[in-house]
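Text of my_file-v5.cif, listed as mmCIF, C-alpha atoms:
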```
data_target
#
loop_
_atom_site.group_PDB
_atom_site.id
_atom_site.type_symbol
_atom_site.label_atom_id
_atom_site.label_comp_id
_atom_site.auth_asym_id
_atom_site.auth_seq_id
_atom_site.Cartn_x
_atom_site.Cartn_y
_atom_site.Cartn_z
ATOM 1 C CA MET A 1 59.842 36.005 -15.257
ATOM 2 C CA LEU A 2 59.956 33.165 -12.771
ATOM 3 C CA LYS A 3 60.737 33.697 -9.137
ATOM 4 C CA PRO A 4 63.978 32.163 -7.843
ATOM 5 C CA GLU A 5 62.008 29.923 -5.442
ATOM 6 C CA THR A 6 60.145 28.362 -8.372
ATOM 7 C CA ASP A 7 63.411 27.695 -10.193
ATOM 8 C CA LYS A 8 64.814 25.994 -7.104
ATOM 9 C CA GLN A 9 61.696 23.851 -6.747
ATOM 10 C CA GLN A 10 61.872 22.718 -10.358
ATOM 11 C CA ALA A 11 65.569 22.001 -10.087
ATOM 12 C CA GLY A 12 64.920 20.012 -6.927
ATOM 13 C CA LEU A 13 62.218 17.960 -8.621
ATOM 14 C CA ASN A 14 64.470 17.268 -11.610
ATOM 15 C CA ASP A 15 67.248 16.133 -9.294
ATOM 16 C CA ARG A 16 64.892 13.849 -7.385
ATOM 17 C CA VAL A 17 63.683 12.234 -10.616
ATOM 18 C CA LYS A 18 67.257 11.799 -11.860
ATOM 19 C CA LYS A 19 68.224 10.077 -8.605
ATOM 20 C CA LEU A 20 65.437 7.486 -8.929
ATOM 21 C CA SER A 21 66.398 4.013 -10.014
ATOM 22 C CA THR A 22 65.306 2.823 -13.447
ATOM 23 C CA SER A 23 62.631 0.527 -12.025
ATOM 24 C CA LYS A 24 61.107 3.356 -9.974
ATOM 25 C CA LYS A 25 61.093 5.623 -13.031
ATOM 26 C CA ILE A 26 59.228 2.932 -14.979
ATOM 27 C CA ILE A 27 56.686 2.554 -12.168
ATOM 28 C CA LEU A 28 56.218 6.336 -12.065
ATOM 29 C CA VAL A 29 55.651 6.537 -15.834
ATOM 30 C CA VAL A 30 53.189 3.627 -15.772
ATOM 31 C CA PHE A 31 51.284 5.264 -12.906
ATOM 32 C CA LEU A 32 51.105 8.584 -14.753
ATOM 33 C CA ILE A 33 49.845 6.895 -17.925
ATOM 34 C CA TRP A 34 47.222 5.012 -15.896
ATOM 35 C CA LEU A 35 46.151 8.250 -14.196
ATOM 36 C CA LEU A 36 45.806 10.079 -17.519
ATOM 37 C CA GLN A 37 43.588 7.287 -18.821
ATOM 38 C CA ALA A 38 41.555 6.897 -15.640
ATOM 39 C CA ILE A 39 40.544 10.523 -15.036
ATOM 40 C CA PRO A 40 38.279 10.815 -18.120
ATOM 41 C CA LYS A 41 36.718 7.424 -17.341
ATOM 42 C CA TRP A 42 35.970 8.456 -13.763
ATOM 43 C CA THR A 43 34.506 11.729 -14.978
ATOM 44 C CA ALA A 44 32.242 9.942 -17.443
ATOM 45 C CA ALA A 45 31.157 7.413 -14.823
ATOM 46 C CA ILE A 46 30.306 10.104 -12.280
ATOM 47 C CA THR A 47 28.439 12.363 -14.676
ATOM 48 C CA ALA A 48 26.584 9.535 -16.446
ATOM 49 C CA ASP A 49 24.343 8.999 -13.434
ATOM 50 C CA GLY A 50 22.226 12.101 -12.976
ATOM 51 C CA GLU A 51 21.579 11.549 -9.284
ATOM 52 C CA LEU A 52 25.175 11.018 -8.216
ATOM 53 C CA SER A 53 26.494 13.950 -10.202
ATOM 54 C CA ALA A 54 23.736 16.152 -8.770
ATOM 55 C CA ARG A 55 24.759 15.212 -5.229
ATOM 56 C CA ILE A 56 28.401 15.907 -6.014
ATOM 57 C CA MET A 57 27.564 19.294 -7.524
ATOM 58 C CA GLN A 58 25.558 20.226 -4.406
ATOM 59 C CA LEU A 59 28.828 20.142 -2.499
ATOM 60 C CA PHE A 60 30.173 22.939 -4.698
ATOM 61 C CA VAL A 61 27.073 24.826 -5.838
ATOM 62 C CA THR A 62 24.203 25.663 -3.504
ATOM 63 C CA PRO A 63 20.874 25.222 -5.292
ATOM 64 C CA ARG A 64 18.623 28.274 -5.374
ATOM 65 C CA TRP A 65 14.950 27.548 -4.995
ATOM 66 C CA GLN A 66 12.485 29.856 -6.671
ATOM 67 C CA ASP A 67 9.001 30.085 -5.213
#
```
Could I get this structure in the form of C-alpha coordinates?
Amino acid sequence: MLKPETDKQQAGLNDRVKKLSTSKKIILVVFLIWLLQAIPKWTAAITADGELSARIMQLFVTPRWQD
(Lines of atoms letter the chains of each structure in order from A and count residues from 1; the text may use other names and numbers.)
(Lines give C-alpha, C1' and ligand atoms only; values in the text may rest on other atoms or scores of the structure.)
Protein backbone atom coordinates (compact mmCIF):
# COMPACT_ATOMS: atom_id res chain seq x y z
CA MET A 1 0.00 0.00 0.00
CA LEU A 2 1.28 3.44 -0.89
CA LYS A 3 1.93 6.08 1.71
CA PRO A 4 -0.29 9.18 1.58
CA GLU A 5 2.76 11.38 0.89
CA THR A 6 3.52 9.40 -2.28
CA ASP A 7 -0.07 9.77 -3.46
CA LYS A 8 0.11 13.52 -2.92
CA GLN A 9 3.38 13.74 -4.84
CA GLN A 10 1.96 11.84 -7.79
CA ALA A 11 -1.19 13.92 -7.77
CA GLY A 12 0.93 17.07 -7.67
CA LEU A 13 3.00 15.91 -10.63
CA ASN A 14 -0.13 15.05 -12.62
CA ASP A 15 -1.58 18.48 -11.89
CA ARG A 16 1.64 20.20 -12.95
CA VAL A 17 1.68 18.29 -16.25
CA LYS A 18 -1.99 19.07 -16.88
CA LYS A 19 -1.34 22.78 -16.32
CA LEU A 20 1.42 22.88 -18.95
CA SER A 21 0.61 24.44 -22.27
CA THR A 22 0.41 22.20 -25.32
CA SER A 23 3.73 23.44 -26.71
CA LYS A 24 5.52 22.72 -23.43
CA LYS A 25 4.01 19.23 -23.32
CA ILE A 26 5.31 18.59 -26.84
CA ILE A 27 8.78 19.81 -25.86
CA LEU A 28 8.72 17.57 -22.78
CA VAL A 29 7.72 14.51 -24.83
CA VAL A 30 10.38 15.20 -27.46
CA PHE A 31 13.02 15.59 -24.73
CA LEU A 32 11.98 12.31 -23.10
CA ILE A 33 12.11 10.47 -26.42
CA TRP A 34 15.56 11.94 -27.12
CA LEU A 35 16.75 10.91 -23.65
CA LEU A 36 15.49 7.34 -24.09
CA GLN A 37 17.38 7.09 -27.37
CA ALA A 38 20.54 8.79 -26.13
CA ILE A 39 21.19 6.77 -22.96
CA PRO A 40 21.99 3.47 -24.74
CA LYS A 41 24.19 5.32 -27.25
CA TRP A 42 26.13 7.02 -24.47
CA THR A 43 26.52 3.72 -22.67
CA ALA A 44 27.86 2.03 -25.80
CA ALA A 45 30.23 4.92 -26.50
CA ILE A 46 31.63 4.89 -22.97
CA THR A 47 32.06 1.14 -22.72
CA ALA A 48 33.44 0.71 -26.25
CA ASP A 49 36.74 2.29 -25.25
CA GLY A 50 38.41 0.02 -22.72
CA GLU A 51 40.53 2.74 -21.15
CA LEU A 52 37.77 5.25 -20.54
CA SER A 53 35.37 2.70 -19.12
CA ALA A 54 38.13 1.38 -16.85
CA ARG A 55 38.73 4.88 -15.48
CA ILE A 56 35.02 5.38 -14.92
CA MET A 57 34.71 2.05 -13.12
CA GLN A 58 37.63 2.97 -10.83
CA LEU A 59 35.42 5.71 -9.42
CA PHE A 60 32.94 3.08 -8.23
CA VAL A 61 35.04 -0.05 -7.72
CA THR A 62 38.45 0.02 -6.06
CA PRO A 63 40.83 -2.36 -7.84
CA ARG A 64 42.41 -5.05 -5.67
CA TRP A 65 46.00 -5.84 -6.49
CA GLN A 66 47.25 -9.34 -5.86
CA ASP A 67 50.96 -9.81 -5.27
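Atom CA of A:Val17 is found 13.7 Å from atom CA of A:Leu32.
Taking atom CA of A:Arg55 and atom CA of A:Thr43 as the two end points, the separation is 14.2 Å.
We find atom CA of A:Ser53 and atom CA of A:Lys41 to be spaced 14.1 Å apart.
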- request: Compile the contact shell of A:Met57 as JSON, numbers by chain: residues with an atom at most 12 Å away, counting only C-alpha atoms, same-chain residues fewer than 6 positions apart removed.
  value: {"A": [46, 47, 50, 51, 63]}
